[in-house]
file data-v1.cif (mmCIF, C-alpha atoms and all ligand atoms)
data_upload
#
loop_
_atom_site.label_atom_id
_atom_site.label_comp_id
_atom_site.auth_asym_id
_atom_site.auth_seq_id
_atom_site.Cartn_x
_atom_site.Cartn_y
_atom_site.Cartn_z
CA MET A 1 2.40 -19.14 8.01
CA ASN A 2 -0.83 -20.39 6.53
CA VAL A 3 0.00 -20.87 2.84
CA GLN A 4 -2.56 -22.43 0.54
CA LYS A 5 -2.75 -23.18 -3.17
CA PRO A 6 -6.25 -22.20 -4.18
CA THR A 7 -8.31 -23.28 -7.18
CA LEU A 8 -11.22 -21.01 -7.95
CA SER A 9 -14.09 -21.72 -10.33
CA PHE A 10 -16.16 -18.90 -11.68
CA ASN A 11 -19.33 -19.35 -13.70
CA ARG A 12 -19.67 -15.91 -15.19
CA ARG A 13 -17.52 -13.92 -17.62
CA SER A 14 -16.82 -10.36 -16.54
CA ARG A 15 -13.60 -8.42 -15.98
CA ARG A 16 -11.61 -10.23 -13.30
CA VAL A 17 -9.15 -8.24 -11.27
CA ILE A 18 -6.67 -9.60 -8.77
CA VAL A 19 -5.60 -7.27 -5.97
CA THR A 20 -2.67 -8.71 -4.02
CA GLY A 21 -2.43 -7.08 -0.62
CA GLY A 22 -6.16 -6.37 -0.96
CA ALA A 23 -6.82 -6.66 2.78
CA GLY A 24 -4.26 -3.96 3.54
CA PHE A 25 -4.70 -0.22 3.86
CA ILE A 26 -4.46 0.84 0.19
CA GLY A 27 -5.56 -2.52 -1.22
CA SER A 28 -8.89 -2.56 0.60
CA HIS A 29 -9.78 0.91 -0.73
CA LEU A 30 -8.86 -0.30 -4.22
CA CYS A 31 -11.11 -3.37 -3.82
CA ASP A 32 -14.01 -1.06 -2.83
CA SER A 33 -13.48 1.14 -5.85
CA LEU A 34 -13.14 -1.70 -8.38
CA LEU A 35 -16.31 -3.40 -7.09
CA GLN A 36 -18.16 -0.10 -7.47
CA ARG A 37 -17.06 -0.06 -11.13
CA GLY A 38 -18.59 -3.51 -11.63
CA ASP A 39 -15.38 -5.55 -11.69
CA GLU A 40 -15.03 -9.01 -10.19
CA VAL A 41 -12.35 -8.71 -7.51
CA ILE A 42 -10.11 -11.48 -6.20
CA CYS A 43 -8.35 -10.24 -3.09
CA VAL A 44 -5.16 -12.21 -2.39
CA ASP A 45 -3.57 -11.57 0.99
CA ASN A 46 -1.60 -13.47 3.64
CA LEU A 47 -2.83 -11.09 6.37
CA TYR A 48 0.70 -10.21 7.47
CA THR A 49 -0.17 -6.53 7.93
CA GLY A 50 -3.65 -6.67 6.43
CA SER A 51 -6.85 -7.39 8.28
CA VAL A 52 -10.11 -9.08 7.40
CA ARG A 53 -11.73 -6.12 9.16
CA ASN A 54 -10.77 -3.98 6.14
CA VAL A 55 -12.74 -6.15 3.69
CA ARG A 56 -15.43 -7.54 5.99
CA PRO A 57 -18.20 -5.42 4.37
CA LEU A 58 -17.22 -6.92 0.98
CA LEU A 59 -17.30 -10.60 1.97
CA ASN A 60 -20.94 -11.04 0.98
CA HIS A 61 -20.59 -9.11 -2.28
CA ARG A 62 -21.25 -11.51 -5.15
CA ASN A 63 -18.28 -10.17 -7.13
CA PHE A 64 -15.77 -10.36 -4.29
CA PHE A 65 -13.53 -13.33 -3.50
CA PHE A 66 -11.00 -13.52 -0.72
CA ILE A 67 -8.04 -15.90 -0.89
CA GLU A 68 -5.67 -16.20 2.05
CA HIS A 69 -2.47 -16.79 0.13
CA ASP A 70 1.17 -15.77 0.27
CA ILE A 71 2.42 -14.45 -3.08
CA ARG A 72 5.86 -15.96 -2.40
CA VAL A 73 4.10 -19.18 -3.43
CA PRO A 74 2.86 -19.42 -7.05
CA LEU A 75 -0.87 -18.81 -7.36
CA ARG A 76 -2.92 -21.11 -9.60
CA LEU A 77 -6.34 -19.95 -10.69
CA GLN A 78 -8.81 -21.40 -13.17
CA GLY A 79 -10.34 -19.12 -15.77
CA SER A 80 -9.25 -15.79 -17.07
CA VAL A 81 -7.71 -12.84 -15.29
CA ASP A 82 -7.74 -9.38 -16.89
CA ARG A 83 -5.86 -7.21 -14.43
CA ILE A 84 -3.40 -7.76 -11.59
CA TYR A 85 -2.69 -4.99 -9.10
CA ASN A 86 0.38 -6.15 -7.15
CA LEU A 87 0.18 -4.38 -3.79
CA ALA A 88 1.23 -7.23 -1.48
CA CYS A 89 4.15 -6.10 0.68
CA PRO A 90 4.42 -4.64 4.17
CA ALA A 91 4.95 -0.90 3.71
CA SER A 92 5.68 0.44 7.18
CA PRO A 93 9.37 0.42 8.23
CA PRO A 94 8.88 -1.45 11.55
CA HIS A 95 6.79 -4.12 9.82
CA TYR A 96 8.98 -4.63 6.75
CA GLN A 97 12.11 -4.63 8.94
CA ALA A 98 10.63 -7.20 11.35
CA ASP A 99 11.16 -9.88 8.67
CA PRO A 100 13.67 -8.36 6.23
CA VAL A 101 14.42 -11.54 4.29
CA GLY A 102 10.69 -12.23 4.04
CA THR A 103 10.16 -8.68 2.74
CA MET A 104 12.82 -9.12 0.07
CA ARG A 105 11.24 -12.42 -0.99
CA THR A 106 7.79 -10.83 -1.17
CA CYS A 107 9.17 -8.02 -3.33
CA VAL A 108 11.17 -10.22 -5.68
CA VAL A 109 9.84 -13.81 -5.62
CA GLY A 110 6.27 -12.62 -5.01
CA THR A 111 6.43 -10.17 -7.92
CA ILE A 112 7.89 -12.83 -10.24
CA ASN A 113 5.09 -15.22 -9.24
CA MET A 114 2.45 -12.62 -10.05
CA LEU A 115 4.19 -11.71 -13.32
CA GLU A 116 4.12 -15.40 -14.27
CA LEU A 117 0.39 -15.41 -13.62
CA ALA A 118 0.02 -12.25 -15.73
CA ARG A 119 1.96 -13.91 -18.54
CA GLN A 120 -0.12 -17.12 -18.40
CA LYS A 121 -3.42 -15.20 -18.35
CA SER A 122 -2.39 -12.37 -20.69
CA ALA A 123 -3.37 -10.03 -17.87
CA ARG A 124 -2.26 -6.46 -17.47
CA PHE A 125 0.04 -5.97 -14.45
CA LEU A 126 0.37 -2.90 -12.21
CA GLN A 127 3.06 -2.68 -9.55
CA ALA A 128 2.80 -0.68 -6.34
CA SER A 129 6.38 0.58 -6.33
CA THR A 130 7.54 3.32 -4.04
CA SER A 131 9.34 6.62 -3.59
CA GLU A 132 11.80 4.53 -1.55
CA VAL A 133 13.46 3.55 -4.84
CA TYR A 134 14.99 7.07 -4.61
CA GLY A 135 16.40 6.30 -1.13
CA ASP A 136 17.68 9.40 0.72
CA PRO A 137 17.50 11.57 -2.40
CA GLU A 138 20.22 13.97 -3.50
CA VAL A 139 17.89 15.44 -6.14
CA HIS A 140 14.89 17.43 -4.93
CA PRO A 141 12.06 17.17 -5.85
CA GLN A 142 12.34 13.69 -7.33
CA PRO A 143 11.52 13.16 -11.02
CA GLU A 144 11.06 9.62 -12.40
CA SER A 145 14.38 9.97 -14.26
CA TYR A 146 16.31 10.14 -10.96
CA VAL A 147 18.00 6.77 -10.40
CA GLY A 148 18.16 7.15 -6.64
CA HIS A 149 20.48 7.02 -3.66
CA VAL A 150 19.71 3.85 -1.70
CA ASN A 151 22.02 2.35 0.93
CA PRO A 152 22.13 -1.28 -0.26
CA ILE A 153 23.27 -2.65 3.12
CA GLY A 154 21.12 -0.64 5.53
CA PRO A 155 17.98 -1.67 7.43
CA ARG A 156 15.67 -0.18 4.78
CA ALA A 157 17.38 -2.06 1.94
CA CYS A 158 15.14 -5.15 2.19
CA TYR A 159 12.27 -2.93 1.06
CA ASP A 160 14.03 -0.31 -1.06
CA GLU A 161 16.25 -2.74 -2.97
CA GLY A 162 13.42 -5.30 -3.09
CA LYS A 163 11.17 -2.77 -4.79
CA ARG A 164 13.97 -1.73 -7.13
CA ALA A 165 14.59 -5.37 -8.10
CA ALA A 166 10.84 -5.77 -8.63
CA GLU A 167 10.85 -2.86 -11.08
CA ALA A 168 13.79 -4.45 -12.91
CA VAL A 169 12.08 -7.80 -13.32
CA ILE A 170 8.78 -6.18 -14.32
CA PHE A 171 10.44 -4.42 -17.24
CA ASP A 172 12.24 -7.67 -18.15
CA TYR A 173 8.88 -9.48 -18.35
CA HIS A 174 7.63 -6.63 -20.51
CA ARG A 175 10.60 -6.83 -22.89
CA LEU A 176 10.98 -10.64 -22.92
CA HIS A 177 7.38 -11.82 -22.74
CA GLY A 178 5.36 -8.81 -23.85
CA VAL A 179 3.48 -8.56 -20.54
CA GLU A 180 1.58 -5.26 -20.36
CA VAL A 181 3.05 -3.56 -17.30
CA LYS A 182 2.48 -0.34 -15.37
CA VAL A 183 4.61 0.92 -12.49
CA ALA A 184 3.40 3.46 -9.92
CA ARG A 185 5.99 4.93 -7.56
CA ILE A 186 3.77 5.75 -4.62
CA PHE A 187 4.76 8.53 -2.21
CA ASN A 188 3.64 8.59 1.45
CA THR A 189 -0.07 7.84 1.47
CA TYR A 190 -2.36 7.98 4.50
CA GLY A 191 -6.01 7.63 5.42
CA PRO A 192 -8.62 5.44 7.09
CA ARG A 193 -7.80 1.73 7.59
CA MET A 194 -4.16 2.16 8.48
CA LEU A 195 -3.53 -0.14 11.42
CA GLU A 196 -3.43 1.42 14.88
CA ASN A 197 0.02 -0.18 15.31
CA ASP A 198 1.03 0.49 11.68
CA GLY A 199 4.06 2.49 12.84
CA ARG A 200 3.95 5.09 10.07
CA VAL A 201 3.90 8.72 11.02
CA VAL A 202 0.33 9.87 10.36
CA SER A 203 -1.37 6.93 12.07
CA ASN A 204 1.14 7.01 14.95
CA PHE A 205 0.57 10.72 15.60
CA ILE A 206 -3.22 10.51 15.39
CA VAL A 207 -3.47 7.46 17.66
CA GLN A 208 -1.04 9.02 20.16
CA ALA A 209 -2.95 12.34 20.14
CA LEU A 210 -6.32 10.65 20.62
CA ARG A 211 -4.96 8.55 23.50
CA GLY A 212 -3.27 11.55 25.12
CA GLU A 213 0.13 9.88 24.77
CA PRO A 214 3.36 11.71 23.80
CA ILE A 215 3.78 12.36 20.05
CA THR A 216 6.96 10.53 19.05
CA VAL A 217 8.90 12.80 16.69
CA TYR A 218 12.02 11.07 15.37
CA GLY A 219 15.14 13.21 14.95
CA SER A 220 14.67 16.98 14.84
CA GLY A 221 11.32 16.69 13.08
CA GLN A 222 12.69 18.90 10.30
CA GLN A 223 12.84 16.04 7.77
CA THR A 224 10.09 16.33 5.17
CA ARG A 225 7.55 14.13 3.43
CA SER A 226 4.70 14.85 0.99
CA PHE A 227 1.45 13.20 2.04
CA CYS A 228 -1.25 11.97 -0.32
CA PHE A 229 -4.76 11.04 0.83
CA VAL A 230 -5.70 7.48 -0.13
CA ASP A 231 -8.72 8.41 -2.31
CA ASP A 232 -6.48 10.48 -4.59
CA LEU A 233 -4.02 7.62 -4.88
CA ILE A 234 -6.70 5.04 -5.75
CA ARG A 235 -7.91 7.25 -8.59
CA GLY A 236 -4.32 7.50 -9.85
CA LEU A 237 -3.74 3.74 -9.71
CA GLU A 238 -6.92 3.05 -11.70
CA MET A 239 -6.11 5.76 -14.27
CA LEU A 240 -2.66 4.26 -14.74
CA MET A 241 -4.02 0.72 -15.07
CA GLU A 242 -6.55 1.83 -17.73
CA SER A 243 -4.08 3.98 -19.68
CA PRO A 244 -3.07 2.81 -23.19
CA ALA A 245 -0.96 -0.37 -23.34
CA ALA A 246 2.14 1.54 -24.44
CA VAL A 247 2.08 3.61 -21.25
CA THR A 248 4.24 1.76 -18.73
CA GLY A 249 5.64 4.43 -16.44
CA PRO A 250 7.16 4.48 -13.92
CA PHE A 251 4.97 7.34 -12.69
CA ASN A 252 5.32 9.15 -9.40
CA LEU A 253 1.93 9.18 -7.67
CA GLY A 254 1.86 11.46 -4.67
CA ASN A 255 0.92 14.88 -3.38
CA PRO A 256 3.68 17.45 -3.94
CA GLN A 257 2.66 19.44 -0.83
CA GLU A 258 5.84 18.99 1.24
CA MET A 259 5.74 19.31 5.05
CA THR A 260 8.11 18.80 7.93
CA ILE A 261 7.29 15.99 10.35
CA GLU A 262 7.00 18.53 13.15
CA ALA A 263 4.39 20.43 11.10
CA ILE A 264 2.40 17.20 10.72
CA ALA A 265 2.57 16.70 14.50
CA ARG A 266 1.26 20.23 15.09
CA GLU A 267 -1.51 19.79 12.51
CA VAL A 268 -2.67 16.58 14.23
CA LEU A 269 -2.51 18.20 17.69
CA ALA A 270 -4.55 21.18 16.50
CA ARG A 271 -7.22 19.09 14.80
CA THR A 272 -7.59 16.55 17.63
CA LYS A 273 -7.42 19.35 20.26
CA SER A 274 -5.01 17.04 22.08
CA LYS A 275 -2.70 18.18 24.87
CA SER A 276 -0.12 15.46 24.09
CA PRO A 277 3.48 16.73 24.34
CA LEU A 278 6.03 16.24 21.57
CA GLN A 279 8.62 13.62 22.53
CA PHE A 280 11.79 13.71 20.42
CA LYS A 281 13.37 10.30 19.78
CA PRO A 282 16.44 9.18 17.79
CA LEU A 283 16.16 9.26 14.02
CA PRO A 284 16.11 5.73 12.54
CA ALA A 285 19.09 4.76 10.34
CA ASP A 286 18.91 5.87 6.69
CA ASP A 287 15.72 7.88 7.28
CA PRO A 288 15.37 10.07 4.15
CA LYS A 289 15.85 13.78 4.92
CA ARG A 290 13.35 15.07 2.37
CA ARG A 291 10.94 13.76 -0.16
CA LYS A 292 8.67 15.41 -2.69
CA PRO A 293 7.40 14.01 -5.99
CA THR A 294 7.52 15.65 -9.36
CA ILE A 295 4.14 14.70 -10.85
CA GLU A 296 4.28 16.43 -14.23
CA ALA A 297 4.35 13.07 -16.06
CA ALA A 298 1.23 11.80 -14.27
CA ARG A 299 -0.51 15.13 -14.97
CA ARG A 300 0.43 15.16 -18.65
CA VAL A 301 0.05 11.48 -19.60
CA LEU A 302 -2.65 10.26 -17.21
CA GLY A 303 -4.47 13.53 -16.53
CA TRP A 304 -4.07 12.79 -12.81
CA GLN A 305 -3.32 15.06 -9.89
CA PRO A 306 -4.30 14.91 -6.24
CA SER A 307 -7.14 17.15 -5.08
CA ILE A 308 -7.59 16.46 -1.37
CA PRO A 309 -5.75 18.94 0.87
CA ILE A 310 -3.90 17.66 3.93
CA GLU A 311 -6.34 19.36 6.34
CA LYS A 312 -9.30 17.47 4.87
CA GLY A 313 -7.45 14.17 4.68
CA ILE A 314 -6.21 14.44 8.27
CA GLU A 315 -9.77 15.21 9.46
CA ALA A 316 -11.10 12.08 7.70
CA THR A 317 -8.31 9.97 9.18
CA ILE A 318 -8.91 11.36 12.69
CA ALA A 319 -12.62 10.55 12.31
CA TYR A 320 -11.72 6.96 11.36
CA PHE A 321 -9.37 6.41 14.30
CA THR A 322 -11.76 8.09 16.76
CA LEU A 323 -14.38 5.51 15.84
CA SER A 324 -11.98 2.61 15.58
CA LEU A 325 -10.33 3.27 18.98
CA ALA A 326 -13.76 3.61 20.61
CA THR A 327 -14.90 0.30 19.07
CA GLU A 328 -11.70 -1.48 20.12
CA ALA A 329 -11.97 -0.09 23.66
CA SER A 330 -15.50 -1.50 23.98
CA LYS A 331 -14.22 -5.04 23.21
CA PRO A 332 -12.45 -6.48 26.28
CA SER A 333 -10.46 -9.10 24.34
CA ALA A 334 -9.66 -7.15 21.18
CA THR A 335 -5.98 -8.14 21.23
CA PRO A 336 -3.90 -8.98 18.15
CA ALA A 337 -4.19 -12.67 19.11
CA ARG A 338 -7.96 -12.45 19.07
CA ARG A 339 -7.93 -10.62 15.74
CA LYS A 340 -5.97 -13.56 14.31
CA GLN A 341 -8.68 -16.00 15.40
CA VAL A 342 -11.37 -13.86 13.80
CA GLN A 343 -9.46 -14.03 10.52
CA ARG A 344 -9.30 -17.83 10.43
CA PRO A 345 -12.77 -18.73 9.09
CA ILE A 346 -12.25 -16.82 5.85
CA SER A 347 -10.28 -19.20 3.70
CA THR A 348 -9.78 -20.51 0.23
CA ALA A 349 -12.35 -23.14 0.99
CA ALA A 350 -14.91 -20.44 1.71
CA ALA A 351 -14.06 -18.75 -1.58
CA GLU A 352 -14.44 -22.03 -3.52
CA VAL A 353 -17.89 -22.73 -2.17
CA ARG A 354 -19.23 -19.36 -3.28
P1 LIG B 401 -0.21 -2.50 4.10
O1 LIG B 401 0.84 -3.10 4.93
O2 LIG B 401 -1.43 -1.96 4.77
O3 LIG B 401 -0.72 -3.52 2.99
C1 LIG B 401 0.08 -4.53 2.46
C2 LIG B 401 -0.79 -5.77 2.32
O4 LIG B 401 -0.01 -6.81 1.71
C3 LIG B 401 -1.26 -6.32 3.67
O5 LIG B 401 -2.63 -6.62 3.59
C4 LIG B 401 -0.42 -7.57 3.87
O6 LIG B 401 -1.04 -8.54 4.67
C5 LIG B 401 -0.20 -8.03 2.43
N1 LIG B 401 0.99 -8.85 2.25
C6 LIG B 401 2.25 -8.60 2.69
N2 LIG B 401 3.08 -9.56 2.29
C7 LIG B 401 2.33 -10.46 1.57
C8 LIG B 401 2.62 -11.66 0.90
N3 LIG B 401 3.85 -12.18 0.88
N4 LIG B 401 1.61 -12.32 0.28
C9 LIG B 401 0.36 -11.81 0.30
N5 LIG B 401 0.02 -10.67 0.92
C10 LIG B 401 1.00 -10.00 1.55
O7 LIG B 401 0.50 -1.36 3.24
P2 LIG B 401 -0.10 -0.29 2.23
O8 LIG B 401 0.28 1.04 2.73
O9 LIG B 401 -1.53 -0.57 1.94
O10 LIG B 401 0.79 -0.57 0.95
C11 LIG B 401 0.31 -1.30 -0.16
C12 LIG B 401 1.37 -1.30 -1.25
O11 LIG B 401 1.68 0.03 -1.64
C13 LIG B 401 2.70 -1.95 -0.81
O12 LIG B 401 3.21 -2.69 -1.88
C14 LIG B 401 3.59 -0.76 -0.54
O13 LIG B 401 4.95 -1.08 -0.77
C15 LIG B 401 3.07 0.25 -1.54
N6 LIG B 401 3.35 1.61 -1.09
C16 LIG B 401 2.62 2.19 -0.09
C17 LIG B 401 2.94 3.47 0.33
C18 LIG B 401 2.15 4.16 1.42
O14 LIG B 401 2.51 5.28 1.79
N7 LIG B 401 1.07 3.62 1.96
C19 LIG B 401 3.99 4.16 -0.25
C20 LIG B 401 4.73 3.53 -1.25
C21 LIG B 401 4.39 2.26 -1.68
N1 LIG B 402 8.31 9.37 12.12
C1 LIG B 402 8.25 10.05 13.32
N2 LIG B 402 7.50 9.50 14.32
C2 LIG B 402 6.81 8.33 14.18
C3 LIG B 402 6.88 7.66 12.95
C4 LIG B 402 7.65 8.20 11.94
O1 LIG B 402 8.83 11.12 13.49
O2 LIG B 402 6.16 7.92 15.15
C5 LIG B 402 9.10 9.98 11.03
C6 LIG B 402 10.10 9.04 10.35
O3 LIG B 402 11.34 9.04 11.03
C7 LIG B 402 10.18 9.66 8.96
C8 LIG B 402 8.79 10.23 8.71
O4 LIG B 402 8.19 10.36 10.00
O5 LIG B 402 11.12 10.70 8.96
C9 LIG B 402 7.92 9.32 7.85
O6 LIG B 402 7.97 8.02 8.42
P1 LIG B 402 7.04 6.85 7.87
O7 LIG B 402 7.47 5.60 8.59
O8 LIG B 402 5.62 7.24 7.95
O9 LIG B 402 7.38 6.76 6.32
P2 LIG B 402 8.76 6.68 5.52
O10 LIG B 402 9.91 6.96 6.43
O11 LIG B 402 8.81 5.28 5.00
O12 LIG B 402 8.62 7.71 4.48
#
call {"tool": "encode", "arguments": {"input": "data-v1.cif", "output": "structure tokens"}}
result
Amino acid sequence: MNVQKPTLSFNRRSRRVIVTGGAGFIGSHLCDSLLQRGDEVICVDNLYTGSVRNVRPLLNHRNFFFIEHDIRVPLRLQGSVDRIYNLACPASPPHYQADPVGTMRTCVVGTINMLELARQKSARFLQASTSEVYGDPEVHPQPESYVGHVNPIGPRACYDEGKRAAEAVIFDYHRLHGVEVKVARIFNTYGPRMLENDGRVVSNFIVQALRGEPITVYGSGQQTRSFCFVDDLIRGLEMLMESPAAVTGPFNLGNPQEMTIEAIAREVLARTKSKSPLQFKPLPADDPKRRKPTIEAARRVLGWQPSIPIEKGIEATIAYFTLSLATEASKPSATPARRKQVQRPISTAAAEVR
């Protein structure tokens, strides 16, 4: 793993925002949005599941800095920092389970490192927590007051318990050190810039449909999720970050429109006009049977609610993957190994020079 300890020098004073995991799916959309607001954005990412491709258009932006760094290592920066969005963590089950101890360390050690930075810089801290803190819920829909039903020894525990421990330590930093904290419990979010091999359901189904491959439905397909389009989520994260200091959350951020996984498969098939068959596969261990957020608190306190219906969001995501698969197909050596080489030149050194 390429771990570096960067030192950045800035010569201007404007609002500086760190986005850890900023080269990932959600993080890269957040970087776009913050730059549009006029913020200076420092994207911190170890490129584990993120890609430079997601932030390539930003690399020449004068307010954008990319640091290849692993948050499990303390980050030292010169100058002030006003906001830290802590999004760094693999989010897809196959990816977070591929290195479970690493995932736990990212959730816990990584979050403590970023909280330390927030404390040193008197920066406001927002955590990308998750609906997985509710585990396989026995209460439906899930309000923030529900304390959850997580299997602490199962294959999802590295992520679920890691994120729960992160919430615990965040509120300890708030109580002990007065760090201004905000916690968003994000429910299943989808959209452009998910990886083709991300492994989560919406990207899997769209890529399979576009390639004419079987649609892999796990279990009976009658388990449910509630899917939020990424643009809605980004708006919610920013509204939470800019809410009054006393507002900490946790807040559920998600779209309460609940669907079965089979219904998502049929929606994707209809919109891609694909003839791919459904292929039923075993349900992974501890896969939650149903999930739907209660978002009354976000509505009331933040004035936030999602507005993009699933049909529109799926169309936008299909359009993204149609283009992205066509571009990949036109490159003979566009393998993961090659993508890794392309990522190399963008380094801390490059950020320091700018
Ligand atoms: P993603 O995998 O696309 O992005 C995660 C990013 O974090 C990647 O760019 C990855 O390279 C980076 N990263 C991972 N470990 C790191 C480390 N140790 N140091 C530095 N960077 C690291 O996933 P995403 O869907 O964009 O999720 C972003 C955040 O939102 C995650 O914290 C995730 O837990 C949370 N979340 C997402 C969803 C969702 O449905 N997308 C739901 C709940 C919570
Ligand atoms: N799923 C599926 N086929 C896939 C990928 C996922 O049927 O190719 C199912 C998975 O078992 C789960 C749901 O879709 O019930 C959502 O899975 P995802 O990994 O997207 O998110 P999470 O389980 O973390 O909510």
call {"tool": "axis_aligned_box", "arguments": {"input": "data-v1.cif", "around": "ligand LIG 401 (chain B)", "padding_each_side": "4 Å", "output": "JSON"}}
result
{"center_x": 1.2, "center_y": -3.5, "center_z": 1.5, "size_x": 15.6, "size_y": 25.6, "size_z": 14.8}
call {"tool": "residues_around", "arguments": {"input": "data-v1.cif", "residues": "Gly21 (chain A)", "least_positions_apart": "4", "cutoff": "8 Å", "atoms": "only C-alpha atoms", "output": "ChimeraX atom specification"}}
result
/A:27-28,43-46,50,86-89
call {"tool": "residues_near_ligand", "arguments": {"input": "data-v1.cif", "ligand": "ligand LIG 402 (chain B)", "cutoff": "7 Å", "atoms": "all atoms listed in the file", "output": "list of chain:residue names"}}
result
A:Ser92, A:Pro93, A:Asn188, A:Gly199, A:Arg200, A:Val201, A:Val202, A:Asn204, A:Phe205, A:Thr216, A:Val217, A:Tyr218, A:Gly219, A:Gly221, A:Gln223, A:Thr224, A:Arg225, A:Ile261, A:Leu283, A:Pro284, A:Asp287, A:Pro288, A:Lys289
call {"tool": "residues_around", "arguments": {"input": "data-v1.cif", "residues": "region 108-118 of chain A", "least_positions_apart": "6", "cutoff": "9 Å", "atoms": "all atoms listed in the file", "output": "PyMOL selection string"}}
result
chain A and resi 20+70-77+81-84+86+88-89+124-125+127+162-163+165-166+169-170+173+179-180
call {"tool": "atom_distance", "arguments": {"input": "data-v1.cif", "atom1": "atom N3 of ligand LIG 401 (chain B)", "atom2": "CA of Thr49 (chain A)"}}
result
9.9 Å
call {"tool": "closest_residue", "arguments": {"input": "data-v1.cif", "among": "A:Ala91, A:Leu58, A:Ala209, A:Ala168", "to": "Val181 (chain A)", "atoms": "only C-alpha atoms"}}
result
A:Ala168
call {"tool": "atom_distance", "arguments": {"input": "data-v1.cif", "atom1": "CA of Tyr159 (chain A)", "atom2": "atom O13 of ligand LIG 401 (chain B)"}}
result
7.8 Å
call {"tool": "atom_distance", "arguments": {"input": "data-v1.cif", "atom1": "CA of His29 (chain A)", "atom2": "atom N7 of ligand LIG 401 (chain B)"}}
result
11.5 Å
call {"tool": "closest_residue", "arguments": {"input": "data-v1.cif", "among": "A:Leu253, A:Leu34, A:Ala246, A:Ala98", "to": "ligand LIG 401 (chain B)", "atoms": "only C-alpha atoms and all ligand atoms"}}
result
A:Leu253
call {"tool": "residues_around", "arguments": {"input": "data-v1.cif", "residues": "Ile153 (chain A)", "least_positions_apart": "3", "cutoff": "12 Å", "atoms": "only C-alpha atoms", "output": "VMD selection string"}}
result
chain A and resid 100 150 156 to 162 285 to 286
call {"tool": "write_last_selection", "arguments": {"input": "data-v1.cif", "atoms": "C-alpha atoms", "output": "PDB file, in the frame of the given file"}}
result
ATOM      1  CA  PRO A 100      13.670  -8.360   6.230  1.00  0.00           C
ATOM      2  CA  VAL A 150      19.710   3.850  -1.700  1.00  0.00           C
ATOM      3  CA  ARG A 156      15.670  -0.180   4.780  1.00  0.00           C
ATOM      4  CA  ALA A 157      17.380  -2.060   1.940  1.00  0.00           C
ATOM      5  CA  CYS A 158      15.140  -5.150   2.190  1.00  0.00           C
ATOM      6  CA  TYR A 159      12.270  -2.930   1.060  1.00  0.00           C
ATOM      7  CA  ASP A 160      14.030  -0.310  -1.060  1.00  0.00           C
ATOM      8  CA  GLU A 161      16.250  -2.740  -2.970  1.00  0.00           C
ATOM      9  CA  GLY A 162      13.420  -5.300  -3.090  1.00  0.00           C
ATOM     10  CA  ALA A 285      19.090   4.760  10.340  1.00  0.00           C
ATOM     11  CA  ASP A 286      18.910   5.870   6.690  1.00  0.00           C
TER      12      ASP A 286
END
call {"tool": "build_atoms", "arguments": {"input": "data-v1.cif", "residues": "region 156-167 of chain A", "atoms": "N, CA and C atoms", "output": "compact mmCIF listing (two decimals), in the frame of the given file"}}
result
# COMPACT_ATOMS: atom_id res chain seq x y z
N ARG A 156 16.80 -0.41 5.69
CA ARG A 156 15.67 -0.18 4.78
C ARG A 156 15.86 -0.90 3.45
N ALA A 157 17.04 -1.51 3.26
CA ALA A 157 17.38 -2.06 1.94
C ALA A 157 16.46 -3.23 1.55
N CYS A 158 16.01 -4.01 2.53
CA CYS A 158 15.14 -5.15 2.19
C CYS A 158 13.93 -4.67 1.39
N TYR A 159 13.45 -3.50 1.74
CA TYR A 159 12.27 -2.93 1.06
C TYR A 159 12.68 -2.13 -0.17
N ASP A 160 13.64 -1.21 0.03
CA ASP A 160 14.03 -0.31 -1.06
C ASP A 160 14.64 -1.10 -2.24
N GLU A 161 15.61 -1.96 -1.90
CA GLU A 161 16.25 -2.74 -2.97
C GLU A 161 15.29 -3.81 -3.51
N GLY A 162 14.43 -4.34 -2.63
CA GLY A 162 13.42 -5.30 -3.09
C GLY A 162 12.51 -4.68 -4.13
N LYS A 163 12.07 -3.45 -3.85
CA LYS A 163 11.17 -2.77 -4.79
C LYS A 163 11.91 -2.37 -6.07
N ARG A 164 13.19 -2.06 -5.93
CA ARG A 164 13.97 -1.73 -7.13
C ARG A 164 14.14 -2.99 -8.00
N ALA A 165 14.45 -4.12 -7.34
CA ALA A 165 14.59 -5.37 -8.10
C ALA A 165 13.26 -5.73 -8.75
N ALA A 166 12.17 -5.47 -8.05
CA ALA A 166 10.84 -5.77 -8.63
C ALA A 166 10.63 -4.95 -9.90
N GLU A 167 10.99 -3.67 -9.86
CA GLU A 167 10.85 -2.86 -11.08
C GLU A 167 11.69 -3.45 -12.22
